[in-house]
Amino acid sequence: MTSHPTFPPPPGARAYRLRTPRGEFAVVDSSPGPGTEFRGVALMLPGFTGSKEDFSLLHGPLGERGYRVVAVDGRGQHESDGPVDDESAYAQRELARDVLAQAEALGVPVHLVGHSLGGQIARAAVLLDPSPFLSLTLVSSGPAEISVSQQQRVKLLRDALAVMSMEEVWEAIQAMGPPEEVGGPARGIGDQEQLRRRWLGNSPAQLLATGRQLCTEPDRVAELAAVPLPFHVLSGAHDDTWPVAVLDDMAERLSAHRTVVTGAEHSPNADRPLPTAHALADFWDGLRESQC
């Protein structure tokens, strides 16, 4: 763990360690400003090689709409501790139980949001126990395993982690080309030194275990559709990880609200944060109004 956060929290937000019955998790937490009607709490889970900072640009606009946002690093991810060598700690069910503990620690029912891998972990948490959640939003997160091309990228990463240190893998990623072309951990909100420090904060065992999950995840949409929760499927207009048509079909199977953010790709929360935040708040506001 670094003694200082790799990324300063957004204006009005604070970074701290959320205490739960399953350990402490690094979070960035922001609340609506003075004079803004409080409308709810959102718990946000990042994707593979990502972190809580992937939601940094959502805190402000969601706060203006009345929502508290708690973005979390999962076990062994960036600034949350986790075993370095024990992959069993990162079984999907264990990560799902972590999410239930995080929601419990917040003390109120939450709107759950998961990006990519975080969406599949969020789904697993809802299937274990939907009671802490008001809704589930899957952001660029599909029904089953990732596309073949992305499976090949994950396999390359897993093969490299088997024989190289985290620092060596980072140098190899940098040698592959500019971040906007290479993507993955080299691309995100922040400069390359911040992204390097984020990468080095990850547990290799976490990356190996969750990378395998992405390549083998079964289709659990029918199981999820049976859960009495409101669902929202949000994505960019283009996605190499799960084709948009696959996300459209999943939304239909879930009878979910569907948002496609124009001009965004796999990370609409970073690519086009304002329309993404508005789509999230519009969905949550609609749920409140339907209950009145």
# chains A, B, ... in the order shown; residues from 1 in each chain; ligands from 1

$ select_by_dssp --residues "region 57-198 of chain A" --states "strand (DSSP E)" --output "PyMOL selection string"
chain A and resi 67-72+110-115+133-139

$ residues_around --residues "Leu229 (chain A)" --least-positions-apart "4" --cutoff "12 Å" --atoms "only C-alpha atoms" --output "list of chain:residue names"
A:Val110, A:His111, A:Leu112, A:Arg123, A:Val126, A:Leu127, A:Asp129, A:Pro130, A:Ser131, A:Pro132, A:Phe133, A:Leu134, A:Ser135, A:Leu136, A:Thr137, A:Leu224, A:Ala225, A:Leu254, A:Ser255, A:Ala256, A:His257, A:Leu287

$ residues_around --residues "Arg14 (chain A)" --least-positions-apart "3" --cutoff "8 Å" --atoms "only C-alpha atoms" --output "PDB file with C-alpha atoms, in the first residue's frame"
ATOM      1  CA  PRO A   9     -10.072  12.384  -5.160  1.00  0.00           C
ATOM      2  CA  PRO A  10     -12.369  14.599  -7.235  1.00  0.00           C
ATOM      3  CA  VAL A  28     -13.795   7.316  -3.113  1.00  0.00           C
ATOM      4  CA  ASP A  29     -16.989   8.713  -1.601  1.00  0.00           C
ATOM      5  CA  SER A  30     -18.841  11.889  -2.597  1.00  0.00           C
TER       6      SER A  30
END

$ atom_distance --atom1 "CA of His238 (chain A)" --atom2 "CA of Pro268 (chain A)"
10.0 Å

$ residues_around --residues "Cys215 (chain A)" --least-positions-apart "6" --cutoff "6 Å" --atoms "only C-alpha atoms" --output "list in words"
Glu145, Ile146 and Gln151 of chain A

$ write_last_selection --atoms "all heavy atoms" --output "compact mmCIF listing (two decimals), in the first residue's frame"
# COMPACT_ATOMS: atom_id res chain seq x y z
N GLU A 145 -19.01 -14.93 -21.46
CA GLU A 145 -17.57 -14.66 -21.63
C GLU A 145 -17.33 -13.52 -22.62
O GLU A 145 -18.18 -13.21 -23.45
CB GLU A 145 -16.84 -15.93 -22.09
CG GLU A 145 -17.03 -16.30 -23.56
CD GLU A 145 -18.34 -17.02 -23.83
OE1 GLU A 145 -19.12 -17.26 -22.89
OE2 GLU A 145 -18.60 -17.35 -25.02
N ILE A 146 -16.15 -12.92 -22.52
CA ILE A 146 -15.77 -11.82 -23.40
C ILE A 146 -15.49 -12.33 -24.81
O ILE A 146 -15.38 -13.54 -25.04
CB ILE A 146 -14.55 -11.06 -22.84
CG1 ILE A 146 -13.37 -12.03 -22.58
CG2 ILE A 146 -14.93 -10.32 -21.56
CD1 ILE A 146 -12.10 -11.33 -22.10
N GLN A 151 -10.40 -12.34 -25.26
CA GLN A 151 -9.88 -13.52 -24.59
C GLN A 151 -8.40 -13.72 -24.92
O GLN A 151 -7.60 -14.09 -24.05
CB GLN A 151 -10.67 -14.77 -24.97
CG GLN A 151 -12.07 -14.83 -24.38
CD GLN A 151 -12.76 -16.13 -24.69
OE1 GLN A 151 -12.18 -17.20 -24.55
NE2 GLN A 151 -14.02 -16.06 -25.12

$ residues_around --residues "Thr49 (chain A)" --least-positions-apart "3" --cutoff "8 Å" --atoms "only C-alpha atoms" --output "list in words"
Gln77, Gly184, Pro185, Trp199, Asn202 and Leu207 of chain A

$ residues_around --residues "Gly286 (chain A)" --least-positions-apart "4" --cutoff "12 Å" --atoms "only C-alpha atoms" --output "PDB file with C-alpha atoms, in the first residue's frame"
ATOM      1  CA  ARG A  39     -31.930  11.075  -3.693  1.00  0.00           C
ATOM      2  CA  SER A 135     -31.364  -1.564  -8.813  1.00  0.00           C
ATOM      3  CA  PRO A 230     -35.009  -3.044 -11.896  1.00  0.00           C
ATOM      4  CA  HIS A 232     -30.340  -1.006 -16.619  1.00  0.00           C
ATOM      5  CA  HIS A 257     -33.875  -0.105 -19.368  1.00  0.00           C
ATOM      6  CA  HIS A 278     -27.409  11.796 -16.669  1.00  0.00           C
ATOM      7  CA  ALA A 279     -28.530   8.388 -17.957  1.00  0.00           C
ATOM      8  CA  LEU A 280     -27.823   6.809 -14.568  1.00  0.00           C
ATOM      9  CA  ALA A 281     -29.630   9.561 -12.648  1.00  0.00           C
ATOM     10  CA  ASP A 282     -32.584   9.543 -15.069  1.00  0.00           C
ATOM     11  CA  SER A 290     -42.729   5.031 -10.179  1.00  0.00           C
ATOM     12  CA  GLN A 291     -42.844   4.248  -6.445  1.00  0.00           C
ATOM     13  CA  CYS A 292     -44.676   7.470  -5.565  1.00  0.00           C
TER      14      CYS A 292
END

$ select_by_dssp --residues "region 107-273 of chain A" --states "helix (DSSP H, G or I)" --output "number ranges by chain"
A: 117-128, 148-163, 166-175, 179-182, 184-186, 192-201, 204-216, 221-225, 244-254, 268-271, 273

$ closest_residue --among "A:Ala237, A:Leu156, A:Leu128, A:Leu138" --to "Arg97 (chain A)" --atoms "only C-alpha atoms"
A:Leu128

$ closest_residue --among "A:Gln206, A:Thr6, A:Thr216, A:Gln120" --to "Pro46 (chain A)" --atoms "only C-alpha atoms"
A:Gln120

$ residues_around --residues "Val69 (chain A)" --least-positions-apart "6" --cutoff "12 Å" --atoms "only C-alpha atoms" --output "tab-separated table (two decimals) with all heavy atoms, in the first residue's frame"
chain	number	residue	atom	x	y	z
A	10	PRO	N	-11.74	13.45	-6.57
A	10	PRO	CA	-12.37	14.60	-7.23
A	10	PRO	C	-12.82	15.65	-6.21
A	10	PRO	O	-12.96	15.34	-5.01
A	10	PRO	CB	-13.59	13.98	-7.94
A	10	PRO	CG	-13.35	12.52	-7.97
A	10	PRO	CD	-12.49	12.21	-6.79
A	12	GLY	N	-14.77	17.68	-3.68
A	12	GLY	CA	-15.92	17.33	-2.86
A	12	GLY	C	-15.99	15.87	-2.44
A	12	GLY	O	-16.89	15.48	-1.70
A	13	ALA	N	-15.05	15.05	-2.91
A	13	ALA	CA	-15.03	13.63	-2.55
A	13	ALA	C	-13.88	13.36	-1.59
A	13	ALA	O	-12.93	14.14	-1.49
A	13	ALA	CB	-14.87	12.77	-3.81
A	14	ARG	N	-13.99	12.25	-0.88
A	14	ARG	CA	-12.89	11.87	0.01
A	14	ARG	C	-12.54	10.41	-0.22
A	14	ARG	O	-13.41	9.58	-0.54
A	14	ARG	CB	-13.24	12.12	1.48
A	14	ARG	CG	-14.42	11.33	2.01
A	14	ARG	CD	-14.84	11.81	3.39
A	14	ARG	NE	-15.92	11.00	3.93
A	14	ARG	CZ	-15.74	10.06	4.87
A	14	ARG	NH1	-14.55	9.84	5.38
A	14	ARG	NH2	-16.78	9.36	5.32
A	15	ALA	N	-11.25	10.12	-0.07
A	15	ALA	CA	-10.74	8.76	-0.20
A	15	ALA	C	-10.48	8.21	1.19
A	15	ALA	O	-9.87	8.87	2.03
A	15	ALA	CB	-9.47	8.74	-1.02
A	27	VAL	N	-12.06	3.26	-1.01
A	27	VAL	CA	-13.20	3.87	-1.71
A	27	VAL	C	-12.94	5.34	-1.95
A	27	VAL	O	-12.13	5.98	-1.27
A	27	VAL	CB	-14.53	3.70	-0.93
A	27	VAL	CG1	-14.85	2.24	-0.70
A	27	VAL	CG2	-14.51	4.48	0.38
A	28	VAL	N	-13.64	5.88	-2.93
A	28	VAL	CA	-13.79	7.32	-3.11
A	28	VAL	C	-15.28	7.60	-2.96
A	28	VAL	O	-16.11	7.00	-3.64
A	28	VAL	CB	-13.28	7.79	-4.47
A	28	VAL	CG1	-13.63	9.25	-4.70
A	28	VAL	CG2	-11.77	7.60	-4.58
A	29	ASP	N	-15.61	8.51	-2.05
A	29	ASP	CA	-16.99	8.71	-1.60
A	29	ASP	C	-17.33	10.20	-1.74
A	29	ASP	O	-16.62	11.06	-1.21
A	29	ASP	CB	-17.08	8.27	-0.13
A	29	ASP	CG	-18.48	8.28	0.45
A	29	ASP	OD1	-19.36	8.96	-0.11
A	29	ASP	OD2	-18.69	7.63	1.49
A	30	SER	N	-18.40	10.50	-2.45
A	30	SER	CA	-18.84	11.89	-2.60
A	30	SER	C	-20.33	11.98	-2.31
A	30	SER	O	-21.09	11.05	-2.56
A	30	SER	CB	-18.56	12.39	-4.02
A	30	SER	OG	-19.30	11.65	-4.98
A	31	SER	N	-20.74	13.11	-1.77
A	31	SER	CA	-22.15	13.34	-1.42
A	31	SER	C	-22.66	14.58	-2.14
A	31	SER	O	-21.88	15.45	-2.53
A	31	SER	CB	-22.30	13.52	0.09
A	31	SER	OG	-21.96	12.32	0.76
A	32	PRO	N	-23.99	14.69	-2.28
A	32	PRO	CA	-24.55	15.91	-2.87
A	32	PRO	C	-24.16	17.14	-2.06
A	32	PRO	O	-23.98	17.07	-0.84
A	32	PRO	CB	-26.06	15.67	-2.80
A	32	PRO	CG	-26.21	14.19	-2.72
A	32	PRO	CD	-25.02	13.70	-1.97
A	38	PHE	N	-31.20	15.08	-1.33
A	38	PHE	CA	-30.57	13.75	-1.36
A	38	PHE	C	-31.54	12.74	-1.98
A	38	PHE	O	-32.69	12.64	-1.57
A	38	PHE	CB	-30.21	13.33	0.07
A	38	PHE	CG	-29.62	11.95	0.15
A	38	PHE	CD1	-28.29	11.73	-0.19
A	38	PHE	CD2	-30.39	10.87	0.56
A	38	PHE	CE1	-27.74	10.46	-0.12
A	38	PHE	CE2	-29.86	9.60	0.63
A	38	PHE	CZ	-28.52	9.39	0.28
A	39	ARG	N	-31.05	11.98	-2.96
A	39	ARG	CA	-31.93	11.07	-3.69
A	39	ARG	C	-31.48	9.61	-3.65
A	39	ARG	O	-32.22	8.74	-4.13
A	39	ARG	CB	-32.06	11.53	-5.15
A	39	ARG	CG	-32.66	12.93	-5.27
A	39	ARG	CD	-32.86	13.36	-6.71
A	39	ARG	NE	-33.97	12.67	-7.35
A	39	ARG	CZ	-35.23	13.03	-7.27
A	39	ARG	NH1	-35.58	14.08	-6.54
A	39	ARG	NH2	-36.17	12.36	-7.90
A	40	GLY	N	-30.31	9.33	-3.09
A	40	GLY	CA	-29.91	7.93	-3.00
A	40	GLY	C	-28.40	7.74	-3.02
A	40	GLY	O	-27.63	8.70	-3.13
A	41	VAL	N	-28.00	6.47	-2.91
A	41	VAL	CA	-26.59	6.09	-2.86
A	41	VAL	C	-26.30	5.10	-3.99
A	41	VAL	O	-27.06	4.15	-4.20
A	41	VAL	CB	-26.23	5.45	-1.50
A	41	VAL	CG1	-24.75	5.07	-1.45
A	41	VAL	CG2	-26.58	6.38	-0.35
A	42	ALA	N	-25.19	5.31	-4.68
A	42	ALA	CA	-24.75	4.39	-5.72
A	42	ALA	C	-23.41	3.77	-5.31
A	42	ALA	O	-22.49	4.49	-4.92
A	42	ALA	CB	-24.60	5.11	-7.05
A	43	LEU	N	-23.32	2.45	-5.41
A	43	LEU	CA	-22.09	1.72	-5.16
A	43	LEU	C	-21.56	1.26	-6.52
A	43	LEU	O	-22.27	0.55	-7.25
A	43	LEU	CB	-22.36	0.52	-4.26
A	43	LEU	CG	-21.18	-0.44	-3.99
A	43	LEU	CD1	-20.04	0.28	-3.28
A	43	LEU	CD2	-21.65	-1.64	-3.17
A	44	MET	N	-20.32	1.64	-6.86
A	44	MET	CA	-19.79	1.42	-8.20
A	44	MET	C	-18.56	0.52	-8.18
A	44	MET	O	-17.60	0.78	-7.44
A	44	MET	CB	-19.45	2.76	-8.85
A	44	MET	CG	-20.66	3.67	-8.99
A	44	MET	SD	-20.39	5.01	-10.17
A	44	MET	CE	-22.06	5.65	-10.33
A	45	LEU	N	-18.59	-0.52	-9.02
A	45	LEU	CA	-17.53	-1.53	-9.08
A	45	LEU	C	-16.80	-1.42	-10.41
A	45	LEU	O	-17.43	-1.50	-11.48
A	45	LEU	CB	-18.12	-2.93	-8.96
A	45	LEU	CG	-19.19	-3.19	-7.89
A	45	LEU	CD1	-19.62	-4.65	-7.93
A	45	LEU	CD2	-18.68	-2.81	-6.51
A	52	LYS	N	-11.37	2.28	-8.82
A	52	LYS	CA	-12.44	3.21	-8.43
A	52	LYS	C	-12.33	4.55	-9.15
A	52	LYS	O	-13.33	5.24	-9.35
A	52	LYS	CB	-12.42	3.42	-6.91
A	52	LYS	CG	-11.11	3.98	-6.38
A	52	LYS	CD	-11.03	3.90	-4.87
A	52	LYS	CE	-9.73	4.46	-4.32
A	52	LYS	NZ	-8.51	3.77	-4.86
A	53	GLU	N	-11.11	4.91	-9.59
A	53	GLU	CA	-10.91	6.18	-10.28
A	53	GLU	C	-11.56	6.21	-11.66
A	53	GLU	O	-11.72	7.29	-12.25
A	53	GLU	CB	-9.42	6.49	-10.39
A	53	GLU	CG	-8.78	6.93	-9.09
A	53	GLU	CD	-8.59	5.79	-8.09
A	53	GLU	OE1	-8.48	4.62	-8.52
A	53	GLU	OE2	-8.53	6.07	-6.86
A	55	PHE	N	-14.48	6.00	-12.22
A	55	PHE	CA	-15.75	6.71	-12.05
A	55	PHE	C	-15.56	8.16	-11.61
A	55	PHE	O	-16.53	8.83	-11.25
A	55	PHE	CB	-16.62	5.97	-11.03
A	55	PHE	CG	-16.86	4.53	-11.37
A	55	PHE	CD1	-16.26	3.50	-10.65
A	55	PHE	CD2	-17.68	4.18	-12.44
A	55	PHE	CE1	-16.47	2.17	-10.97
A	55	PHE	CE2	-17.91	2.85	-12.78
A	55	PHE	CZ	-17.30	1.84	-12.04
A	56	SER	N	-14.30	8.65	-11.64
A	56	SER	CA	-14.00	9.98	-11.08
A	56	SER	C	-14.84	11.08	-11.69
A	56	SER	O	-15.22	12.04	-10.99
A	56	SER	CB	-12.51	10.31	-11.29
A	56	SER	OG	-11.70	9.48	-10.49
A	57	LEU	N	-15.13	10.97	-12.99
A	57	LEU	CA	-15.84	12.05	-13.68
A	57	LEU	C	-17.35	11.97	-13.49
A	57	LEU	O	-18.08	12.83	-13.99
A	57	LEU	CB	-15.48	12.04	-15.16
A	57	LEU	CG	-13.99	12.21	-15.47
A	57	LEU	CD1	-13.72	12.11	-16.97
A	57	LEU	CD2	-13.46	13.53	-14.91
A	58	LEU	N	-17.82	10.96	-12.76
A	58	LEU	CA	-19.26	10.84	-12.48
A	58	LEU	C	-19.65	11.46	-11.15
A	58	LEU	O	-20.83	11.78	-10.94
A	58	LEU	CB	-19.68	9.36	-12.48
A	58	LEU	CG	-19.46	8.57	-13.76
A	58	LEU	CD1	-20.03	7.15	-13.60
A	58	LEU	CD2	-20.11	9.25	-14.96
A	59	HIS	N	-18.70	11.62	-10.23
A	59	HIS	CA	-19.04	12.10	-8.88
A	59	HIS	C	-19.74	13.46	-8.93
A	59	HIS	O	-20.80	13.65	-8.31
A	59	HIS	CB	-17.78	12.20	-8.02
A	59	HIS	CG	-17.23	10.88	-7.57
A	59	HIS	ND1	-17.64	10.25	-6.42
A	59	HIS	CD2	-16.30	10.07	-8.13
A	59	HIS	CE1	-16.98	9.11	-6.29
A	59	HIS	NE2	-16.16	8.98	-7.32
A	60	GLY	N	-19.16	14.41	-9.67
A	60	GLY	CA	-19.72	15.76	-9.71
A	60	GLY	C	-21.12	15.82	-10.28
A	60	GLY	O	-22.05	16.29	-9.60
A	61	PRO	N	-21.32	15.32	-11.51
A	61	PRO	CA	-22.67	15.42	-12.08
A	61	PRO	C	-23.70	14.60	-11.34
A	61	PRO	O	-24.87	15.00	-11.27
A	61	PRO	CB	-22.48	14.94	-13.53
A	61	PRO	CG	-21.17	14.26	-13.58
A	61	PRO	CD	-20.33	14.86	-12.51
A	62	LEU	N	-23.32	13.45	-10.76
A	62	LEU	CA	-24.30	12.68	-9.98
A	62	LEU	C	-24.61	13.37	-8.65
A	62	LEU	O	-25.74	13.32	-8.17
A	62	LEU	CB	-23.81	11.25	-9.76
A	62	LEU	CG	-23.90	10.35	-10.99
A	62	LEU	CD1	-23.27	9.00	-10.71
A	62	LEU	CD2	-25.35	10.16	-11.43
A	63	GLY	N	-23.61	14.02	-8.08
A	63	GLY	CA	-23.86	14.80	-6.87
A	63	GLY	C	-24.83	15.93	-7.12
A	63	GLY	O	-25.70	16.22	-6.29
A	106	LEU	N	-22.45	0.38	4.12
A	106	LEU	CA	-23.01	1.70	3.79
A	106	LEU	C	-24.32	1.95	4.51
A	106	LEU	O	-24.75	3.10	4.63
A	106	LEU	CB	-23.18	1.83	2.27
A	106	LEU	CG	-21.86	1.84	1.49
A	106	LEU	CD1	-22.13	1.89	-0.01
A	106	LEU	CD2	-20.98	3.02	1.91
A	110	VAL	N	-28.71	0.35	-1.84
A	110	VAL	CA	-27.93	1.12	-2.81
A	110	VAL	C	-28.30	0.73	-4.23
A	110	VAL	O	-28.78	-0.37	-4.51
A	110	VAL	CB	-26.41	0.91	-2.60
A	110	VAL	CG1	-25.99	1.34	-1.21
A	110	VAL	CG2	-26.00	-0.53	-2.87
A	111	HIS	N	-28.07	1.67	-5.14
A	111	HIS	CA	-28.10	1.37	-6.56
A	111	HIS	C	-26.72	0.79	-6.92
A	111	HIS	O	-25.70	1.47	-6.74
A	111	HIS	CB	-28.36	2.64	-7.37
A	111	HIS	CG	-29.71	3.24	-7.15
A	111	HIS	ND1	-30.86	2.65	-7.61
A	111	HIS	CD2	-30.08	4.38	-6.50
A	111	HIS	CE1	-31.90	3.41	-7.28
A	111	HIS	NE2	-31.47	4.46	-6.59
A	112	LEU	N	-26.69	-0.43	-7.40
A	112	LEU	CA	-25.43	-1.10	-7.70
A	112	LEU	C	-25.09	-0.90	-9.16
A	112	LEU	O	-25.91	-1.10	-10.05
A	112	LEU	CB	-25.55	-2.60	-7.38
A	112	LEU	CG	-24.29	-3.44	-7.52
A	112	LEU	CD1	-23.17	-2.95	-6.60
A	112	LEU	CD2	-24.61	-4.92	-7.22
A	113	VAL	N	-23.83	-0.49	-9.41
A	113	VAL	CA	-23.34	-0.24	-10.77
A	113	VAL	C	-22.04	-1.01	-10.95
A	113	VAL	O	-21.11	-0.85	-10.15
A	113	VAL	CB	-23.09	1.27	-11.01
A	113	VAL	CG1	-22.54	1.51	-12.42
A	113	VAL	CG2	-24.35	2.08	-10.77
A	277	ALA	N	-23.60	9.98	-16.70
A	277	ALA	CA	-24.16	10.34	-15.39
A	277	ALA	C	-25.63	10.68	-15.49
A	277	ALA	O	-26.44	10.26	-14.65
A	277	ALA	CB	-23.37	11.51	-14.80
A	280	LEU	N	-27.70	7.51	-15.85
A	280	LEU	CA	-27.82	6.81	-14.57
A	280	LEU	C	-28.85	7.50	-13.68
A	280	LEU	O	-29.76	6.86	-13.13
A	280	LEU	CB	-26.46	6.77	-13.86
A	280	LEU	CG	-25.41	5.86	-14.49
A	280	LEU	CD1	-24.03	6.14	-13.86
A	280	LEU	CD2	-25.76	4.39	-14.32
A	281	ALA	N	-28.72	8.82	-13.53
A	281	ALA	CA	-29.63	9.56	-12.65
A	281	ALA	C	-31.06	9.53	-13.17
A	281	ALA	O	-32.01	9.42	-12.39
A	281	ALA	CB	-29.14	11.00	-12.49

$ atom_distance --atom1 "CA of Arg65 (chain A)" --atom2 "CA of Glu37 (chain A)"
8.0 Å

$ closest_residue --among "A:Pro204, A:Gly50, A:Pro228, A:Gly76" --to "Arg187 (chain A)" --atoms "only C-alpha atoms"
A:Gly50

$ closest_residue --among "A:Leu214, A:Leu195, A:Ala124, A:Ala101" --to "Val227 (chain A)" --atoms "only C-alpha atoms"
A:Ala124

$ closest_residue --among "A:Arg153, A:Arg22, A:His78, A:His115" --to "Val99 (chain A)" --atoms "only C-alpha atoms"
A:Arg22

$ decode --residues "region 14-22 of chain A" --atoms "all heavy atoms" --output "PDB file, in the first residue's frame"
ATOM      1  N   ARG A  14     -13.989  12.254  -0.879  1.00  0.00           N
ATOM      2  CA  ARG A  14     -12.885  11.866   0.009  1.00  0.00           C
ATOM      3  C   ARG A  14     -12.538  10.410  -0.221  1.00  0.00           C
ATOM      4  O   ARG A  14     -13.407   9.581  -0.535  1.00  0.00           O
ATOM      5  CB  ARG A  14     -13.242  12.118   1.482  1.00  0.00           C
ATOM      6  CG  ARG A  14     -14.415  11.327   2.007  1.00  0.00           C
ATOM      7  CD  ARG A  14     -14.840  11.815   3.390  1.00  0.00           C
ATOM      8  NE  ARG A  14     -15.920  10.999   3.930  1.00  0.00           N
ATOM      9  CZ  ARG A  14     -15.743  10.062   4.872  1.00  0.00           C
ATOM     10  NH1 ARG A  14     -14.553   9.839   5.381  1.00  0.00           N
ATOM     11  NH2 ARG A  14     -16.780   9.361   5.323  1.00  0.00           N
ATOM     12  N   ALA A  15     -11.251  10.121  -0.070  1.00  0.00           N
ATOM     13  CA  ALA A  15     -10.745   8.756  -0.199  1.00  0.00           C
ATOM     14  C   ALA A  15     -10.479   8.205   1.195  1.00  0.00           C
ATOM     15  O   ALA A  15      -9.869   8.869   2.033  1.00  0.00           O
ATOM     16  CB  ALA A  15      -9.466   8.740  -1.025  1.00  0.00           C
ATOM     17  N   TYR A  16     -10.966   6.995   1.453  1.00  0.00           N
ATOM     18  CA  TYR A  16     -10.736   6.366   2.749  1.00  0.00           C
ATOM     19  C   TYR A  16     -10.924   4.857   2.600  1.00  0.00           C
ATOM     20  O   TYR A  16     -11.219   4.356   1.505  1.00  0.00           O
ATOM     21  CB  TYR A  16     -11.673   6.937   3.825  1.00  0.00           C
ATOM     22  CG  TYR A  16     -13.150   6.664   3.590  1.00  0.00           C
ATOM     23  CD1 TYR A  16     -13.793   5.573   4.180  1.00  0.00           C
ATOM     24  CD2 TYR A  16     -13.920   7.522   2.795  1.00  0.00           C
ATOM     25  CE1 TYR A  16     -15.145   5.325   3.978  1.00  0.00           C
ATOM     26  CE2 TYR A  16     -15.267   7.290   2.590  1.00  0.00           C
ATOM     27  CZ  TYR A  16     -15.874   6.190   3.178  1.00  0.00           C
ATOM     28  OH  TYR A  16     -17.204   5.955   2.967  1.00  0.00           O
ATOM     29  N   ARG A  17     -10.765   4.143   3.686  1.00  0.00           N
ATOM     30  CA  ARG A  17     -10.923   2.694   3.680  1.00  0.00           C
ATOM     31  C   ARG A  17     -12.235   2.337   4.371  1.00  0.00           C
ATOM     32  O   ARG A  17     -12.435   2.650   5.545  1.00  0.00           O
ATOM     33  CB  ARG A  17      -9.722   2.016   4.349  1.00  0.00           C
ATOM     34  CG  ARG A  17      -8.430   2.296   3.598  1.00  0.00           C
ATOM     35  CD  ARG A  17      -7.213   1.723   4.311  1.00  0.00           C
ATOM     36  NE  ARG A  17      -7.179   0.274   4.252  1.00  0.00           N
ATOM     37  CZ  ARG A  17      -6.750  -0.416   3.194  1.00  0.00           C
ATOM     38  NH1 ARG A  17      -6.336   0.220   2.110  1.00  0.00           N
ATOM     39  NH2 ARG A  17      -6.733  -1.743   3.201  1.00  0.00           N
ATOM     40  N   LEU A  18     -13.129   1.735   3.602  1.00  0.00           N
ATOM     41  CA  LEU A  18     -14.440   1.345   4.119  1.00  0.00           C
ATOM     42  C   LEU A  18     -14.288   0.046   4.908  1.00  0.00           C
ATOM     43  O   LEU A  18     -13.859  -0.975   4.365  1.00  0.00           O
ATOM     44  CB  LEU A  18     -15.408   1.146   2.953  1.00  0.00           C
ATOM     45  CG  LEU A  18     -16.836   0.709   3.301  1.00  0.00           C
ATOM     46  CD1 LEU A  18     -17.583   1.836   4.017  1.00  0.00           C
ATOM     47  CD2 LEU A  18     -17.577   0.284   2.030  1.00  0.00           C
ATOM     48  N   ARG A  19     -14.657   0.084   6.181  1.00  0.00           N
ATOM     49  CA  ARG A  19     -14.553  -1.106   7.033  1.00  0.00           C
ATOM     50  C   ARG A  19     -15.786  -1.982   6.866  1.00  0.00           C
ATOM     51  O   ARG A  19     -16.908  -1.484   6.960  1.00  0.00           O
ATOM     52  CB  ARG A  19     -14.390  -0.698   8.495  1.00  0.00           C
ATOM     53  CG  ARG A  19     -13.090   0.014   8.795  1.00  0.00           C
ATOM     54  CD  ARG A  19     -12.966   0.349  10.270  1.00  0.00           C
ATOM     55  NE  ARG A  19     -11.701   1.010  10.561  1.00  0.00           N
ATOM     56  CZ  ARG A  19     -11.354   1.427  11.768  1.00  0.00           C
ATOM     57  NH1 ARG A  19     -12.190   1.260  12.814  1.00  0.00           N
ATOM     58  NH2 ARG A  19     -10.185   2.019  11.959  1.00  0.00           N
ATOM     59  N   THR A  20     -15.568  -3.258   6.628  1.00  0.00           N
ATOM     60  CA  THR A  20     -16.662  -4.215   6.469  1.00  0.00           C
ATOM     61  C   THR A  20     -16.323  -5.490   7.238  1.00  0.00           C
ATOM     62  O   THR A  20     -15.176  -5.687   7.638  1.00  0.00           O
ATOM     63  CB  THR A  20     -16.881  -4.587   4.986  1.00  0.00           C
ATOM     64  OG1 THR A  20     -15.957  -5.616   4.618  1.00  0.00           O
ATOM     65  CG2 THR A  20     -16.719  -3.390   4.063  1.00  0.00           C
ATOM     66  N   PRO A  21     -17.292  -6.375   7.423  1.00  0.00           N
ATOM     67  CA  PRO A  21     -16.993  -7.658   8.064  1.00  0.00           C
ATOM     68  C   PRO A  21     -16.010  -8.521   7.265  1.00  0.00           C
ATOM     69  O   PRO A  21     -15.491  -9.499   7.797  1.00  0.00           O
ATOM     70  CB  PRO A  21     -18.378  -8.336   8.142  1.00  0.00           C
ATOM     71  CG  PRO A  21     -19.360  -7.215   8.081  1.00  0.00           C
ATOM     72  CD  PRO A  21     -18.739  -6.195   7.198  1.00  0.00           C
ATOM     73  N   ARG A  22     -15.752  -8.173   6.021  1.00  0.00           N
ATOM     74  CA  ARG A  22     -14.822  -8.935   5.186  1.00  0.00           C
ATOM     75  C   ARG A  22     -13.534  -8.166   4.910  1.00  0.00           C
ATOM     76  O   ARG A  22     -12.818  -8.460   3.953  1.00  0.00           O
ATOM     77  CB  ARG A  22     -15.505  -9.329   3.877  1.00  0.00           C
ATOM     78  CG  ARG A  22     -16.593 -10.385   4.095  1.00  0.00           C
ATOM     79  CD  ARG A  22     -17.289 -10.755   2.812  1.00  0.00           C
ATOM     80  NE  ARG A  22     -16.411 -11.324   1.805  1.00  0.00           N
ATOM     81  CZ  ARG A  22     -16.008 -12.594   1.757  1.00  0.00           C
ATOM     82  NH1 ARG A  22     -16.410 -13.449   2.693  1.00  0.00           N
ATOM     83  NH2 ARG A  22     -15.223 -13.029   0.799  1.00  0.00           N
TER      84      ARG A  22
END
